[in-house]
Amino acid sequence: MRKTLAPAGRMAATFVMAASAFVISTVASVAADSGYKLGVMDKVRIRVAEWQPADGSIRDWEVVGGEYTVGPSGAISLPFIGDLPAAGKTPAEVAGTIGEELRSKFALRNLPSASVEISAFRPVFLAGDVDKPGEYPYSPRLTVLKALSLAGGLKRSEAGQRFARDFLNAQGDAAVYDSQRGRLIARRARLLAEVADGKTIEMPAELKSFKNAQQLIDSESSLMKSRRDRYELQLKSLADLRSLLQSEVQSLARKTETQKRQLEIASDSRDKMSKLTEQGITNNNRLITLEERTADIETSLLDIDTNALQAKQSISKADQDEINLRNDWVAQRAKDLQDTEAELEKLGLQLGTSRQLIAEAVAQSAEALKFDPSGKSSTIKYTVVRDEGQGPKEVSVDENTQLLPGDVVKVTSELLMQ
């Protein structure tokens, strides 16, 4: 179609034609500003006009203009031109190619002015733990959070509140079990140090991830020192008792020697007095006195021997008590270590069950993660799969990352367990 203008309007027509060639919508403006390159599923609106300076008219190539979609091959199919590669090119580059192709096909003297506007970007796609995964239209400055809202937010079920409750219960149990596990790991480290007769407790590698690890080790170190001091004090008491009893035995032995010498003297005197009495030189009273003296000494010797025997028995008992104390110390450490290992195994099973319950709650309703007040045991991870011409690449993003047309957003709920 050709439109003829009065001479007075030719200048205005020139500006109108130029403006019509470069006027673009808001969507196209954003694309132009960012050097946007077309891709498969982008929709474009094409307008072509040719200025005829000879008669001051504008030829409108309506047959070429209209809306087109970039096909799977990356081309748009235009009348007279055929398939025109568009993927990977900017709208301005495609517009220039259209003008050149038309001038070449029809041997035109003047280069037609073409404009290519983006009428609709190719969509973005949401997958993973979203309520309504699928394809959604792209709009300029679309962020991950906005796209997630288009998909209805995080995945949830009709029983979302129940899963949230299950999540909180399981999370609370897991926190309790994890705290108990930390204490048991510290206790096991202390028992291993005691069994090895160590003076300090080494920090176990599996305890380093706990925030209060040093506090737990310090507490167990204090307990170990207290128990060790008490144990060594008991050993010292037994050693002191044994030393005292040995001194008593030695003292009794010296008394025994003394009493034996006195007994010999008393016996000699008694024997002599007995002979004198038989000869009638002295009376029986003195003999009786010597015999009583001898009997007293013998009785004293018997008492000393009895006391020495009792002291030796006490020494033997002290030795046995020391052996029992040492054996009990080792046996108690071994039993405590065995019990601690059993408790750790039980807690491991309970902790695993709680984590499975948390994972199940999240799998059924990712919105359960919203009820995690600390945010330390769970998180939402966002990744974008983007084709930049050299094959798709997956990158981690956050909620405020701006998307590009054709992006695939993957939403994943993750549990950050120790």
# chains A, B, ... in the order shown; residues from 1 in each chain; ligands from 1
call {"tool": "select_by_dssp", "arguments": {"residues": "range 108-203 of chain A", "states": "alpha helix (DSSP H)", "output": "ChimeraX atom specification"}}
result
/A:144-150,160-195
call {"tool": "closest_atom_pairs", "arguments": {"of": "range 112-136 of chain A", "to": "range 384-390 of chain A", "cutoff": "12 Å", "atoms": "only C-alpha atoms", "output": "tab-separated table"}}
result
residue	atom	partner	partner_atom	distance
A:Val124	CA	A:Arg386	CA	10.2
A:Phe125	CA	A:Val385	CA	9.6
A:Leu126	CA	A:Val384	CA	9.3
A:Ala127	CA	A:Val384	CA	10.1
A:Gly128	CA	A:Val384	CA	11.6
call {"tool": "residues_around", "arguments": {"residues": "range 292-301 of chain A", "least_positions_apart": "3", "cutoff": "8 Å", "atoms": "only C-alpha atoms", "output": "MDAnalysis selection string"}}
result
chainID A and resid 256 259:260 262:263 266:267 270 288:289 304:305
call {"tool": "residues_around", "arguments": {"residues": "Leu216 in chain A", "least_positions_apart": "5", "cutoff": "8 Å", "atoms": "only C-alpha atoms", "output": "list of chain:residue names"}}
result
A:Gly182, A:Arg183, A:Ala186
call {"tool": "write_last_selection", "arguments": {"atoms": "N, CA and C atoms", "output": "mmCIF file, in the first residue's frame"}}
result
data_model
loop_
_atom_site.group_PDB
_atom_site.id
_atom_site.type_symbol
_atom_site.label_atom_id
_atom_site.label_comp_id
_atom_site.auth_asym_id
_atom_site.auth_seq_id
_atom_site.Cartn_x
_atom_site.Cartn_y
_atom_site.Cartn_z
ATOM 1 N N GLY A 182 26.374 -34.536 72.090
ATOM 2 C CA GLY A 182 27.589 -33.771 72.365
ATOM 3 C C GLY A 182 28.151 -34.073 73.746
ATOM 4 N N ARG A 183 27.264 -34.142 74.732
ATOM 5 C CA ARG A 183 27.722 -34.448 76.097
ATOM 6 C C ARG A 183 28.306 -35.853 76.187
ATOM 7 N N ALA A 186 31.785 -35.983 74.695
ATOM 8 C CA ALA A 186 32.751 -35.421 75.640
ATOM 9 C C ALA A 186 33.023 -36.404 76.775
#
call {"tool": "atom_distance", "arguments": {"atom1": "CA of Gly66 in chain A", "atom2": "CA of Ser119 in chain A"}}
result
10.6 Å
call {"tool": "atom_distance", "arguments": {"atom1": "CA of Glu67 in chain A", "atom2": "CA of Leu142 in chain A"}}
result
23.5 Å
call {"tool": "residues_around", "arguments": {"residues": "Ala253 in chain A", "least_positions_apart": "4", "cutoff": "9 Å", "atoms": "only C-alpha atoms", "output": "list of chain:residue names"}}
result
A:Glu248, A:Val249, A:Glu257, A:Thr258, A:Ile304, A:Asp305, A:Ala308
call {"tool": "residues_around", "arguments": {"residues": "Glu194 in chain A", "least_positions_apart": "5", "cutoff": "12 Å", "atoms": "only C-alpha atoms", "output": "VMD selection string"}}
result
chain A and resid 187 to 189 199 to 202 220 to 221 223 to 228 231 329 to 334 336 to 337
call {"tool": "residues_around", "arguments": {"residues": "Ser77 in chain A", "least_positions_apart": "5", "cutoff": "12 Å", "atoms": "only C-alpha atoms", "output": "ChimeraX atom specification"}}
result
/A:44,46,64-72,82-86,98
